[in-house]
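The structure file start.txt is reproduced below (compact mmCIF, C-alpha atoms).
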# COMPACT_ATOMS: atom_id res chain seq x y z
CA MET A 1 -5.37 -23.88 3.39
CA VAL A 2 -6.33 -25.49 0.12
CA GLU A 3 -9.71 -24.41 -1.27
CA ILE A 4 -11.78 -27.18 -2.79
CA HIS A 5 -14.54 -26.45 -5.29
CA GLY A 6 -17.05 -28.45 -7.35
CA ASP A 7 -17.12 -32.17 -6.55
CA THR A 8 -15.66 -31.87 -3.05
CA ILE A 9 -15.50 -35.62 -2.38
CA THR A 10 -13.19 -36.22 -5.33
CA GLY A 11 -11.44 -32.91 -4.51
CA GLU A 12 -10.57 -34.19 -1.01
CA LYS A 13 -9.19 -37.38 -2.57
CA VAL A 14 -7.02 -35.35 -4.93
CA LEU A 15 -5.78 -33.31 -1.97
CA ARG A 16 -4.84 -36.46 -0.02
CA CYS A 17 -3.05 -37.74 -3.10
CA LEU A 18 -1.11 -34.47 -3.54
CA ALA A 19 -0.14 -34.60 0.13
CA GLU A 20 2.15 -37.48 -0.95
CA VAL A 21 3.83 -35.55 -3.79
CA LEU A 22 7.21 -34.48 -2.43
CA ASP A 23 9.19 -31.36 -3.30
CA PRO A 24 12.24 -32.67 -5.23
CA GLU A 25 14.57 -30.19 -3.46
CA VAL A 26 13.34 -30.74 0.11
CA PRO A 27 12.09 -34.32 -0.16
CA VAL A 28 10.53 -34.45 3.31
CA LEU A 29 7.88 -31.85 2.51
CA SER A 30 4.98 -32.38 0.16
CA VAL A 31 3.65 -29.74 -2.21
CA VAL A 32 0.69 -29.40 0.20
CA ASP A 33 3.01 -28.97 3.24
CA LEU A 34 4.79 -26.19 1.39
CA GLY A 35 1.56 -24.37 0.57
CA ILE A 36 2.20 -24.53 -3.18
CA VAL A 37 -1.25 -26.05 -3.87
CA ARG A 38 -3.81 -23.24 -3.49
CA SER A 39 -7.04 -24.72 -4.83
CA ILE A 40 -8.53 -27.82 -6.42
CA ARG A 41 -11.63 -27.83 -8.59
CA VAL A 42 -13.30 -30.99 -9.88
CA ASP A 43 -16.15 -30.70 -12.39
CA ASP A 44 -17.47 -33.82 -14.17
CA GLY A 45 -14.18 -35.57 -13.60
CA SER A 46 -12.02 -32.77 -15.00
CA VAL A 47 -9.51 -31.45 -12.48
CA THR A 48 -8.10 -27.92 -12.26
CA ILE A 49 -5.33 -27.26 -9.75
CA ALA A 50 -4.06 -23.78 -8.94
CA ILE A 51 -0.49 -23.67 -7.69
CA THR A 52 1.65 -20.74 -6.63
CA PRO A 53 5.36 -20.56 -7.39
CA THR A 54 7.79 -20.24 -4.47
CA TYR A 55 10.84 -18.28 -5.65
CA SER A 56 10.63 -16.94 -9.24
CA GLY A 57 13.80 -18.77 -10.12
CA CYS A 58 12.96 -22.08 -8.48
CA PRO A 59 13.95 -24.74 -11.05
CA ALA A 60 11.79 -27.32 -9.24
CA ILE A 61 8.54 -25.83 -10.50
CA GLU A 62 8.47 -27.82 -13.76
CA PRO A 63 9.22 -31.20 -12.12
CA ILE A 64 6.60 -30.33 -9.46
CA LYS A 65 3.96 -29.66 -12.12
CA ALA A 66 4.82 -32.96 -13.82
CA ALA A 67 4.64 -34.85 -10.50
CA ILE A 68 1.23 -33.31 -9.66
CA SER A 69 -0.05 -34.26 -13.09
CA ASP A 70 1.26 -37.83 -12.77
CA ALA A 71 -0.31 -38.20 -9.32
CA VAL A 72 -3.75 -37.14 -10.58
CA LEU A 73 -3.45 -39.44 -13.62
CA GLY A 74 -2.47 -42.23 -11.21
CA MET A 75 -5.86 -41.81 -9.50
CA GLY A 76 -7.56 -42.73 -12.76
CA LEU A 77 -8.64 -39.16 -13.41
CA SER A 78 -7.93 -37.23 -16.61
CA SER A 79 -4.85 -35.06 -16.94
CA PRO A 80 -5.36 -31.97 -14.72
CA GLU A 81 -5.16 -28.40 -15.87
CA ILE A 82 -2.52 -26.68 -13.74
CA LEU A 83 -2.90 -22.93 -13.34
CA THR A 84 -0.28 -20.58 -11.90
CA GLN A 85 -1.61 -18.16 -9.32
CA LEU A 86 0.66 -15.24 -8.34
CA SER A 87 -1.47 -13.61 -5.69
CA PRO A 88 -1.37 -13.86 -2.72
CA ALA A 89 2.40 -14.32 -2.94
CA TRP A 90 3.72 -17.54 -1.46
CA THR A 91 5.00 -17.24 2.08
CA THR A 92 6.77 -19.66 4.41
CA ASP A 93 4.13 -18.76 7.02
CA TRP A 94 1.91 -21.30 5.20
CA ILE A 95 4.19 -24.13 6.32
CA ALA A 96 2.34 -25.59 9.32
CA GLU A 97 3.94 -26.91 12.54
CA PRO A 98 3.90 -30.64 11.63
CA ALA A 99 5.83 -29.83 8.44
CA ARG A 100 8.25 -27.65 10.42
CA GLU A 101 8.91 -30.63 12.68
CA LYS A 102 9.65 -32.76 9.59
CA LEU A 103 12.18 -30.15 8.48
CA ARG A 104 13.88 -30.11 11.90
CA LYS A 105 14.18 -33.89 11.90
CA TYR A 106 15.67 -33.72 8.42
CA GLY A 107 18.34 -31.32 9.75
CA ILE A 108 16.94 -28.10 8.25
CA ALA A 109 16.04 -25.24 10.60
CA PRO A 110 12.43 -24.26 9.78
CA PRO A 111 11.63 -20.69 8.73
CA LEU A 112 11.09 -18.03 11.38
CA PRO A 113 7.69 -16.30 11.16
CA ARG A 114 7.55 -13.43 8.64
CA SER A 115 6.83 -11.12 11.57
CA ALA A 116 10.42 -11.75 12.72
CA GLU A 117 11.55 -10.25 9.41
CA VAL A 118 13.54 -7.10 9.70
CA GLY A 119 13.34 -5.80 6.16
CA ILE A 120 16.71 -5.35 4.53
CA VAL A 121 19.09 -5.11 7.47
CA PRO A 122 22.02 -7.48 7.04
CA PHE A 123 20.97 -11.08 7.47
CA SER A 124 23.78 -11.74 9.94
CA GLU A 125 21.97 -9.61 12.51
CA ILE A 126 18.96 -11.93 12.67
CA SER A 127 20.60 -15.31 12.16
CA SER A 128 21.54 -15.47 15.85
CA HIS A 129 17.88 -16.21 16.58
CA ILE A 130 17.77 -19.31 14.39
CA PRO A 131 17.75 -22.39 16.63
CA CYS A 132 20.16 -25.17 15.62
CA PRO A 133 18.07 -28.13 14.36
CA HIS A 134 20.58 -30.55 15.93
CA CYS A 135 20.98 -29.21 19.50
CA ASP A 136 18.46 -26.31 19.74
CA SER A 137 21.21 -23.83 20.64
CA LEU A 138 20.55 -20.21 19.68
CA LYS A 139 24.27 -19.55 19.30
CA THR A 140 24.32 -19.93 15.53
CA GLU A 141 25.79 -17.93 12.70
CA GLU A 142 25.08 -17.51 9.03
CA LEU A 143 27.81 -18.57 6.60
CA SER A 144 26.04 -17.76 3.34
CA SER A 145 22.62 -16.28 2.74
CA PHE A 146 22.11 -18.53 -0.29
CA GLY A 147 22.59 -22.25 0.27
CA ALA A 148 22.19 -25.14 -2.15
CA THR A 149 18.88 -23.60 -3.23
CA ALA A 150 17.57 -20.02 -3.12
CA CYS A 151 15.13 -20.91 -0.33
CA LYS A 152 17.87 -21.96 2.10
CA ALA A 153 20.77 -20.24 3.87
CA LEU A 154 23.87 -22.01 5.13
CA CYS A 155 24.47 -21.70 8.89
CA ARG A 156 26.72 -23.13 11.61
CA CYS A 157 26.06 -23.86 15.25
CA LYS A 158 28.69 -22.42 17.60
CA ASP A 159 27.80 -24.93 20.33
CA CYS A 160 27.64 -28.33 18.60
CA ARG A 161 29.82 -27.01 15.72
CA GLU A 162 27.59 -28.67 13.13
CA PRO A 163 26.74 -26.86 9.91
CA PHE A 164 23.04 -26.78 8.98
CA GLU A 165 20.67 -25.31 6.46
CA TYR A 166 18.03 -22.73 7.35
CA PHE A 167 14.81 -22.55 5.35
CA LYS A 168 14.65 -18.75 5.00
CA SER A 169 11.51 -16.95 6.00
CA PHE A 170 9.87 -15.58 2.87
CA MET B 171 -18.22 15.53 -21.98
CA THR B 172 -19.69 12.06 -21.72
CA SER B 173 -19.53 11.59 -25.48
CA ASN B 174 -15.95 12.89 -25.49
CA ARG B 175 -14.97 10.26 -23.01
CA VAL B 176 -16.51 7.51 -25.07
CA GLU B 177 -14.93 8.85 -28.22
CA HIS B 178 -11.45 9.10 -26.74
CA GLY B 179 -11.80 6.17 -24.43
CA GLY B 180 -10.36 3.75 -26.95
CA ALA B 181 -7.36 5.93 -27.80
CA ALA B 182 -6.56 6.67 -24.16
CA HIS B 183 -6.87 3.00 -23.39
CA THR B 184 -4.50 2.07 -26.21
CA SER B 185 -1.85 4.59 -25.12
CA SER B 186 -1.95 3.53 -21.46
CA ARG B 187 -1.94 -0.11 -22.52
CA LYS B 188 1.18 0.53 -24.58
CA ALA B 189 2.75 2.37 -21.63
CA LEU B 190 1.98 -0.58 -19.37
CA ASP B 191 3.57 -3.00 -21.86
CA HIS B 192 6.66 -0.82 -22.13
CA PHE B 193 6.94 -0.46 -18.36
CA VAL B 194 6.63 -4.23 -17.92
CA LEU B 195 9.27 -4.75 -20.60
CA GLU B 196 11.61 -2.34 -18.78
CA ILE B 197 11.34 -4.42 -15.61
CA ALA B 198 11.49 -7.76 -17.45
CA ASP B 199 14.46 -6.76 -19.63
CA ASP B 200 16.32 -5.45 -16.55
CA ALA B 201 15.78 -8.82 -14.90
CA LEU B 202 16.78 -10.85 -17.98
CA VAL B 203 19.95 -8.91 -18.75
CA LEU B 204 21.13 -8.80 -15.12
CA GLY B 205 20.20 -12.47 -14.73
CA HIS B 206 22.42 -13.31 -17.68
CA ARG B 207 25.29 -11.13 -16.40
CA LEU B 208 25.17 -12.83 -12.99
CA SER B 209 25.12 -16.26 -14.63
CA GLU B 210 28.52 -15.38 -16.14
CA TRP B 211 29.91 -15.72 -12.59
CA CYS B 212 28.87 -19.38 -12.46
CA GLY B 213 32.10 -21.36 -12.06
CA HIS B 214 34.12 -18.16 -11.48
CA GLY B 215 32.93 -17.00 -8.05
CA PRO B 216 35.59 -16.16 -5.45
CA THR B 217 34.30 -18.98 -3.19
CA ILE B 218 31.89 -21.85 -3.77
CA GLU B 219 29.27 -20.21 -1.51
CA GLU B 220 29.47 -17.02 -3.51
CA ASP B 221 29.33 -18.85 -6.81
CA ILE B 222 26.09 -20.47 -5.61
CA ALA B 223 24.68 -17.22 -4.22
CA LEU B 224 25.19 -15.30 -7.48
CA SER B 225 23.75 -18.20 -9.48
CA ASN B 226 20.68 -18.31 -7.24
CA ILE B 227 20.16 -14.57 -7.62
CA SER B 228 20.57 -14.98 -11.38
CA LEU B 229 17.86 -17.66 -11.37
CA ASP B 230 15.48 -15.40 -9.46
CA HIS B 231 15.95 -12.72 -12.12
CA LEU B 232 15.50 -15.12 -15.04
CA GLY B 233 12.32 -16.42 -13.38
CA GLN B 234 11.03 -12.87 -12.89
CA ALA B 235 11.70 -12.04 -16.55
CA GLN B 236 9.98 -15.21 -17.71
CA CYS B 237 6.93 -14.51 -15.54
CA LEU B 238 6.56 -10.96 -16.91
CA TYR B 239 7.10 -11.99 -20.54
CA GLU B 240 4.41 -14.65 -20.12
CA LEU B 241 2.00 -12.10 -18.65
CA LEU B 242 2.61 -9.87 -21.69
CA VAL B 243 1.97 -12.77 -24.07
CA GLU B 244 -1.20 -13.70 -22.16
CA ASN B 245 -2.56 -10.18 -22.69
CA ASP B 246 -1.41 -9.85 -26.30
CA ALA B 247 -0.74 -12.91 -28.43
CA ASN B 248 1.21 -10.75 -30.92
CA TYR B 249 4.20 -11.02 -28.59
CA GLY B 250 4.40 -14.69 -29.54
CA SER B 251 6.10 -16.28 -26.53
CA ALA B 252 8.46 -15.56 -23.67
CA ASP B 253 11.28 -17.17 -25.65
CA LYS B 254 10.56 -14.97 -28.64
CA LEU B 255 10.78 -11.86 -26.44
CA ALA B 256 14.02 -13.01 -24.82
CA PHE B 257 15.86 -14.50 -27.77
CA PHE B 258 14.52 -12.92 -30.96
CA ARG B 259 14.63 -9.20 -30.26
CA ASP B 260 17.67 -7.10 -31.13
CA SER B 261 19.52 -4.74 -28.81
CA PHE B 262 17.62 -1.66 -30.08
CA GLU B 263 14.37 -3.32 -28.98
CA PHE B 264 15.47 -3.96 -25.39
CA ARG B 265 14.29 -1.53 -22.71
CA ASN B 266 16.68 -2.51 -19.90
CA CYS B 267 18.66 0.18 -18.08
CA ILE B 268 22.34 0.74 -18.89
CA LEU B 269 23.46 -0.33 -15.41
CA VAL B 270 22.53 -4.01 -15.89
CA GLU B 271 24.34 -4.40 -19.21
CA GLN B 272 27.65 -3.23 -17.73
CA GLU B 273 30.26 -5.95 -17.66
CA ASN B 274 30.83 -7.82 -14.40
CA GLY B 275 34.31 -6.34 -13.89
CA ASP B 276 35.89 -7.41 -10.62
CA PHE B 277 33.85 -8.73 -7.69
CA ALA B 278 33.48 -5.22 -6.21
CA GLN B 279 31.95 -3.91 -9.45
CA THR B 280 29.44 -6.75 -9.51
CA ILE B 281 28.49 -6.16 -5.88
CA VAL B 282 28.13 -2.39 -6.33
CA ARG B 283 25.93 -3.02 -9.39
CA GLN B 284 23.84 -5.35 -7.19
CA VAL B 285 23.48 -2.71 -4.48
CA TYR B 286 22.50 0.05 -6.93
CA PHE B 287 20.03 -2.22 -8.72
CA SER B 288 18.47 -4.18 -5.85
CA ALA B 289 17.97 -1.12 -3.64
CA TYR B 290 16.05 0.63 -6.43
CA TYR B 291 13.83 -2.37 -7.09
CA TYR B 292 13.28 -3.00 -3.39
CA PHE B 293 11.78 0.47 -2.94
CA LEU B 294 9.98 0.39 -6.31
CA TYR B 295 8.32 -2.96 -5.61
CA GLU B 296 7.36 -1.77 -2.14
CA GLN B 297 5.21 0.87 -3.85
CA LEU B 298 4.06 -1.19 -6.82
CA SER B 299 2.82 -3.98 -4.54
CA SER B 300 -0.08 -1.74 -3.51
CA CYS B 301 -0.68 -0.09 -6.90
CA PRO B 302 -4.10 -0.31 -8.62
CA ILE B 303 -2.86 -2.39 -11.59
CA SER B 304 -3.11 -6.00 -10.42
CA LEU B 305 -0.62 -7.32 -13.00
CA LEU B 306 2.02 -5.06 -11.41
CA SER B 307 0.95 -5.41 -7.77
CA ASP B 308 0.74 -9.23 -7.85
CA PHE B 309 4.19 -9.51 -9.39
CA ALA B 310 5.76 -6.83 -7.18
CA ALA B 311 4.51 -8.38 -3.91
CA LYS B 312 6.38 -11.54 -4.79
CA ALA B 313 9.49 -10.03 -6.39
CA ARG B 314 10.01 -7.62 -3.48
CA LYS B 315 10.66 -10.53 -1.13
CA GLU B 316 13.24 -11.96 -3.51
CA VAL B 317 14.95 -8.61 -4.00
CA SER B 318 15.13 -8.05 -0.24
CA TYR B 319 17.41 -11.10 -0.02
CA HIS B 320 19.48 -9.89 -2.99
CA LEU B 321 19.90 -6.53 -1.30
CA ARG B 322 20.88 -8.03 2.05
CA HIS B 323 23.45 -10.18 0.28
CA ALA B 324 24.99 -7.24 -1.60
CA GLY B 325 24.75 -4.96 1.45
CA GLU B 326 26.72 -7.40 3.58
CA TRP B 327 29.43 -7.63 0.94
CA ILE B 328 29.70 -3.84 0.68
CA LEU B 329 30.29 -3.69 4.45
CA ARG B 330 33.01 -6.32 4.19
CA LEU B 331 34.68 -4.78 1.14
CA GLY B 332 34.55 -1.20 2.42
CA ASP B 333 35.64 -2.09 5.92
CA GLY B 334 38.05 -4.82 4.76
CA THR B 335 41.54 -4.33 3.36
CA THR B 336 42.99 -1.23 1.70
CA GLU B 337 42.73 -3.07 -1.61
CA SER B 338 39.08 -4.11 -1.19
CA LYS B 339 38.13 -0.64 -0.04
CA ALA B 340 39.85 1.04 -3.00
CA ARG B 341 38.19 -1.31 -5.47
CA ALA B 342 34.74 -0.87 -3.87
CA GLN B 343 35.08 2.93 -3.94
CA ALA B 344 36.26 2.84 -7.57
CA ALA B 345 33.23 0.74 -8.53
CA ILE B 346 30.88 3.11 -6.70
CA VAL B 347 32.23 6.02 -8.74
CA GLN B 348 32.37 4.10 -12.02
CA LEU B 349 28.74 2.94 -11.95
CA TRP B 350 27.27 6.09 -10.40
CA PRO B 351 26.42 7.80 -13.76
CA PHE B 352 23.95 4.95 -14.48
CA VAL B 353 21.91 5.45 -11.29
CA GLU B 354 20.11 8.55 -12.56
CA GLU B 355 18.40 6.52 -15.29
CA LEU B 356 16.87 4.24 -12.66
CA LEU B 357 15.58 7.06 -10.48
CA ALA B 358 14.15 9.25 -13.27
CA PRO B 359 10.78 7.80 -14.38
CA SER B 360 10.80 6.62 -18.01
CA GLU B 361 8.24 7.88 -20.53
CA ALA B 362 6.15 4.75 -19.98
CA ALA B 363 6.34 5.06 -16.19
CA SER B 364 5.37 8.74 -16.38
CA ILE B 365 2.19 7.91 -18.32
CA LEU B 366 1.22 5.21 -15.79
CA ILE B 367 1.98 7.50 -12.87
CA ALA B 368 -0.18 10.29 -14.36
CA GLU B 369 -3.06 7.93 -15.08
CA SER B 370 -3.04 5.45 -12.22
CA GLN B 371 -0.54 6.63 -9.58
CA VAL B 372 1.34 3.35 -9.87
CA PHE B 373 4.17 4.73 -7.73
CA GLU B 374 5.57 7.96 -6.36
CA PRO B 375 9.05 8.51 -7.89
CA SER B 376 10.16 11.04 -5.27
CA THR B 377 9.41 8.56 -2.47
CA VAL B 378 11.40 5.82 -4.20
CA SER B 379 14.24 8.21 -4.93
CA SER B 380 14.52 9.63 -1.40
CA ALA B 381 14.29 6.17 0.23
CA TYR B 382 16.98 4.97 -2.20
CA LYS B 383 19.37 7.83 -1.46
CA GLN B 384 18.83 7.53 2.27
CA TYR B 385 19.51 3.79 2.15
CA LEU B 386 22.70 4.26 0.10
CA GLU B 387 24.03 6.97 2.40
CA THR B 388 23.45 4.86 5.51
CA LEU B 389 24.90 1.70 3.98
CA LEU B 390 27.97 3.31 2.42
CA SER B 391 28.81 5.36 5.49
CA GLU B 392 28.63 2.21 7.60
CA ALA B 393 30.97 0.60 5.07
CA THR B 394 33.33 3.62 5.40
CA LEU B 395 32.72 4.41 1.72
CA GLU B 396 31.46 7.58 0.11
CA VAL B 397 28.44 8.37 -2.05
CA PRO B 398 29.81 10.25 -5.10
CA SER B 399 29.01 13.95 -5.18
CA SER B 400 29.03 14.10 -8.99
CA THR B 401 25.70 14.66 -10.69
CA ALA B 402 26.96 13.71 -14.16
CA ALA B 403 24.57 11.18 -15.73
CA SER B 404 25.38 8.89 -18.64
CA PRO B 405 24.13 10.14 -22.04
CA LEU B 406 22.98 6.61 -22.78
CA ASN B 407 19.46 5.58 -21.82
CA GLY B 408 18.09 2.06 -22.24
CA ARG B 409 14.50 3.17 -21.59
CA GLN B 410 14.93 5.26 -24.76
CA LEU B 411 16.56 2.29 -26.54
CA LYS B 412 20.00 3.97 -26.55
CA HIS B 413 22.31 1.21 -25.33
CA SER B 414 26.02 0.71 -24.80
CA GLU B 415 27.90 -1.77 -27.00
CA HIS B 416 27.92 -4.21 -24.06
CA LEU B 417 24.28 -5.14 -24.66
CA SER B 418 24.71 -6.40 -28.23
CA GLN B 419 27.74 -8.42 -27.16
CA LEU B 420 25.77 -9.93 -24.29
CA LEU B 421 22.81 -10.74 -26.55
CA SER B 422 25.02 -12.36 -29.18
CA VAL B 423 26.09 -14.89 -26.57
CA MET B 424 22.75 -15.27 -24.80
CA GLN B 425 20.69 -15.62 -27.99
CA SER B 426 23.11 -17.71 -30.06
CA THR B 427 21.70 -21.16 -29.30
CA ALA B 428 18.05 -20.16 -29.71
CA ARG B 429 18.84 -18.43 -33.02
CA ALA B 430 20.99 -21.26 -34.37
CA HIS B 431 18.19 -23.74 -33.65
CA PRO B 432 14.90 -21.84 -33.85
CA ASP B 433 11.89 -23.78 -32.57
CA ALA B 434 14.16 -26.45 -31.09
CA LEU B 435 12.79 -28.14 -27.98
CA TRP B 436 14.90 -29.25 -25.03

Rewrite the structure of this file - the entire thing - as structure tokens.
Amino acid sequence: MVEIHGDTITGEKVLRCLAEVLDPEVPVLSVVDLGIVRSIRVDDGSVTIAITPTYSGCPAIEPIKAAISDAVLGMGLSSPEILTQLSPAWTTDWIAEPAREKLRKYGIAPPLPRSAEVGIVPFSEISSHIPCPHCDSLKTEELSSFGATACKALCRCKDCREPFEYFKSF
Amino acid sequence: MTSNRVEHGGAAHTSSRKALDHFVLEIADDALVLGHRLSEWCGHGPTIEEDIALSNISLDHLGQAQCLYELLVENDANYGSADKLAFFRDSFEFRNCILVEQENGDFAQTIVRQVYFSAYYYFLYEQLSSCPISLLSDFAAKARKEVSYHLRHAGEWILRLGDGTTESKARAQAAIVQLWPFVEELLAPSEAASILIAESQVFEPSTVSSAYKQYLETLLSEATLEVPSSTAASPLNGRQLKHSEHLSQLLSVMQSTARAHPDALW
């Protein structure tokens, strides 16, 4: 949920605008889908947006900040102040079902709920529960716990034999 | 008594503030130095997946270091900037532990270093994430999740190396013994940590230490490897600014561009 403060009418417009700003690394999800945008405040036309980083090392954070800024400028508003908010820590549980469906269609298995997390036991022991985004089979295996980006693991389906990425629960 | 408190309030505050800064620098410098070491694997990993995994873990650590340096700068402008802390301090000003400055060695040495390091931070962050100092708890809640993936990754490799071929097992066991003397420094609270523990109970060292040892014993026995029985600890101690020569060599590479072109923007 994104909190909106101050001028809520303009705030809602900013939110709708940010819902179109896509994550450069998973370009089917917007920064709002991902839960990166935490709050929007509009006072006398000046906009403050609090965002939370995903992984500490995510190189997409700078391009994301620039894209958010450009989007707000594109609305005819002044350049927003973008604050980084560490707490509460970002979690994949904030990715809602419609966004999970977008991921599936894109060929990425959406994250399991955090409650399915099993601490630090080897990842291979839980990957069998990740449904294949292509054929829904549960007979899948993990090939590498770090895929093209830190947020994804590389998996393979033993039924349809297709490789796929899994958006790790975090 | 009341007047005493007021009188010494400032001094006590300054000393605990300094301890907090030092403790944050210990964590940040650990992350920066290990992040750089892991980045040395980029382009040299045994497989493309592993190359990418180590690079991703490296990025997590560089991001953690940057976040902590920025928090320090936010609280005290005298630190200048995150870049200044990373690139313009000398080896005798770094507070990282000796373990992270050790050279990568073979793949087994890198993986054992990852297990020793990530397991410690996993259990430390678990405690820090509910500590009363919000700067530490906010950071730890986030970093713990990252480290849990680093630890799973390293743990899986230890199982494969230990339970793999005669060669992989021998190399893994040799690495376990070689890096063991640097573990004590992680488990023994530094001077800065001790002050914070006494004042604000930021974490319980014995809980971290026993969880750590228990985890290692379980993991290594499953991997058919042995926890060393030696109690010999390295005389070096990064928390006390006594480093091995590896750190200055690492810094000379890592800092060279920033120092050759100070204030350059890219």

Restrict the calculation to only C-alpha atoms, then for each residue of chain A with any atom at most 10 Å from an atom of chain B give the closest atom pair and their distance in Å to one decimal, rows by chain and rising residue number, as JSON lines.
{"residue": "A:Pro53", "atom": "CA", "partner": "B:Lys312", "partner_atom": "CA", "distance": 9.4}
{"residue": "A:Thr54", "atom": "CA", "partner": "B:Lys312", "partner_atom": "CA", "distance": 8.8}
{"residue": "A:Tyr55", "atom": "CA", "partner": "B:Asp230", "partner_atom": "CA", "distance": 6.7}
{"residue": "A:Ser56", "atom": "CA", "partner": "B:Gly233", "partner_atom": "CA", "distance": 4.5}
{"residue": "A:Gly57", "atom": "CA", "partner": "B:Asp230", "partner_atom": "CA", "distance": 3.8}
{"residue": "A:Cys58", "atom": "CA", "partner": "B:Leu229", "partner_atom": "CA", "distance": 7.2}
{"residue": "A:Pro59", "atom": "CA", "partner": "B:Leu229", "partner_atom": "CA", "distance": 8.1}
{"residue": "A:Gln85", "atom": "CA", "partner": "B:Asp308", "partner_atom": "CA", "distance": 9.4}
{"residue": "A:Leu86", "atom": "CA", "partner": "B:Asp308", "partner_atom": "CA", "distance": 6.0}
{"residue": "A:Ser87", "atom": "CA", "partner": "B:Asp308", "partner_atom": "CA", "distance": 5.4}
{"residue": "A:Pro88", "atom": "CA", "partner": "B:Asp308", "partner_atom": "CA", "distance": 7.2}
{"residue": "A:Ala89", "atom": "CA", "partner": "B:Lys312", "partner_atom": "CA", "distance": 5.2}
{"residue": "A:Trp90", "atom": "CA", "partner": "B:Lys312", "partner_atom": "CA", "distance": 7.4}
{"residue": "A:Thr91", "atom": "CA", "partner": "B:Lys312", "partner_atom": "CA", "distance": 9.0}
{"residue": "A:Gly119", "atom": "CA", "partner": "B:Ser318", "partner_atom": "CA", "distance": 7.0}
{"residue": "A:Ile120", "atom": "CA", "partner": "B:Arg322", "partner_atom": "CA", "distance": 5.5}
{"residue": "A:Val121", "atom": "CA", "partner": "B:Arg322", "partner_atom": "CA", "distance": 6.4}
{"residue": "A:Pro122", "atom": "CA", "partner": "B:Arg322", "partner_atom": "CA", "distance": 5.1}
{"residue": "A:Phe123", "atom": "CA", "partner": "B:Arg322", "partner_atom": "CA", "distance": 6.2}
{"residue": "A:Ser124", "atom": "CA", "partner": "B:Glu326", "partner_atom": "CA", "distance": 8.2}
{"residue": "A:Leu143", "atom": "CA", "partner": "B:Glu219", "partner_atom": "CA", "distance": 8.4}
{"residue": "A:Ser144", "atom": "CA", "partner": "B:Glu219", "partner_atom": "CA", "distance": 6.3}
{"residue": "A:Ser145", "atom": "CA", "partner": "B:His323", "partner_atom": "CA", "distance": 6.6}
{"residue": "A:Phe146", "atom": "CA", "partner": "B:Ala223", "partner_atom": "CA", "distance": 4.9}
{"residue": "A:Gly147", "atom": "CA", "partner": "B:Ala223", "partner_atom": "CA", "distance": 7.1}
{"residue": "A:Ala148", "atom": "CA", "partner": "B:Ile222", "partner_atom": "CA", "distance": 7.0}
{"residue": "A:Thr149", "atom": "CA", "partner": "B:Asn226", "partner_atom": "CA", "distance": 6.9}
{"residue": "A:Ala150", "atom": "CA", "partner": "B:Asn226", "partner_atom": "CA", "distance": 5.4}
{"residue": "A:Cys151", "atom": "CA", "partner": "B:Asn226", "partner_atom": "CA", "distance": 9.2}
{"residue": "A:Ala153", "atom": "CA", "partner": "B:Ala223", "partner_atom": "CA", "distance": 9.5}
{"residue": "A:Leu154", "atom": "CA", "partner": "B:Glu219", "partner_atom": "CA", "distance": 8.7}
{"residue": "A:Lys168", "atom": "CA", "partner": "B:Tyr319", "partner_atom": "CA", "distance": 9.6}
{"residue": "A:Ser169", "atom": "CA", "partner": "B:Lys315", "partner_atom": "CA", "distance": 9.6}
{"residue": "A:Phe170", "atom": "CA", "partner": "B:Lys315", "partner_atom": "CA", "distance": 6.5}

**Prompt:** What is the CA of Ile61 (chain A) to CA of Asp23 (chain A) distance in Å?
**Reply:**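 Between CA of Ile61 (chain A) and CA of Asp23 (chain A) the gap works out to 9.1 Å.
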
**Message:** List as a PyMOL selection string the protein and nucleic acid residues near Thr427 (chain B), meaning an atom at most 12 Å away when only C-alpha atoms are counted, but skip any in the same chain fewer than 6 places from it.
**Reply:** chain B and resi 253+257-258+421+433-436

Write out, as a PDB file, keeping the file's coordinate frame, the residues just selected, with C-alpha atoms.
ATOM      1  CA  ASP B 253      11.280 -17.170 -25.650  1.00  0.00           C
ATOM      2  CA  PHE B 257      15.860 -14.500 -27.770  1.00  0.00           C
ATOM      3  CA  PHE B 258      14.520 -12.920 -30.960  1.00  0.00           C
ATOM      4  CA  LEU B 421      22.810 -10.740 -26.550  1.00  0.00           C
ATOM      5  CA  ASP B 433      11.890 -23.780 -32.570  1.00  0.00           C
ATOM      6  CA  ALA B 434      14.160 -26.450 -31.090  1.00  0.00           C
ATOM      7  CA  LEU B 435      12.790 -28.140 -27.980  1.00  0.00           C
ATOM      8  CA  TRP B 436      14.900 -29.250 -25.030  1.00  0.00           C
TER       9      TRP B 436
END

**Prompt:** Which protein, DNA or RNA residues are at most 10 Å from (-2.7, -27.6, -4.6) in the file's coordinates when you count only C-alpha atoms, listed as a ChimeraX atom specification?
**Reply:** /A:1-4,14-15,18-19,31-41,48-52,68,82-83

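A straight line drawn from CA of Arg104 (chain A) to CA of His134 (chain A) is 7.8 Å long.
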
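One finds CA of Leu242 (chain B) at 22.9 Å from CA of Asn407 (chain B).
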
**Asked** With all atoms listed in the file as the atoms that count, which of A:Val42, A:Val47, A:Met75, A:Ile64 lies nearest to Arg16 (chain A)?
**Response**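 With all atoms listed in the file as the atom set, the closest residue is A:Met75.
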
**Request:** Tell me which protein, DNA and RNA residues are within 12 Å of Glu240 (chain B), counting all atoms listed in the file, leaving out same-chain ones fewer than 4 positions away, and put them as a list in words.
**Result:**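 Once the nearby chain positions are removed, what remains is Thr84 of chain A; Asp191, Val194, Leu195, Ala198, Gly233, Gln234, Ala235, Gln236, Glu244, Asn245, Asp246, Ala247, Asn248, Tyr249, Gly250, Ser251, Ala252, Asp253, Lys254, Leu255, Ala256, Leu305 and Phe309 of chain B.
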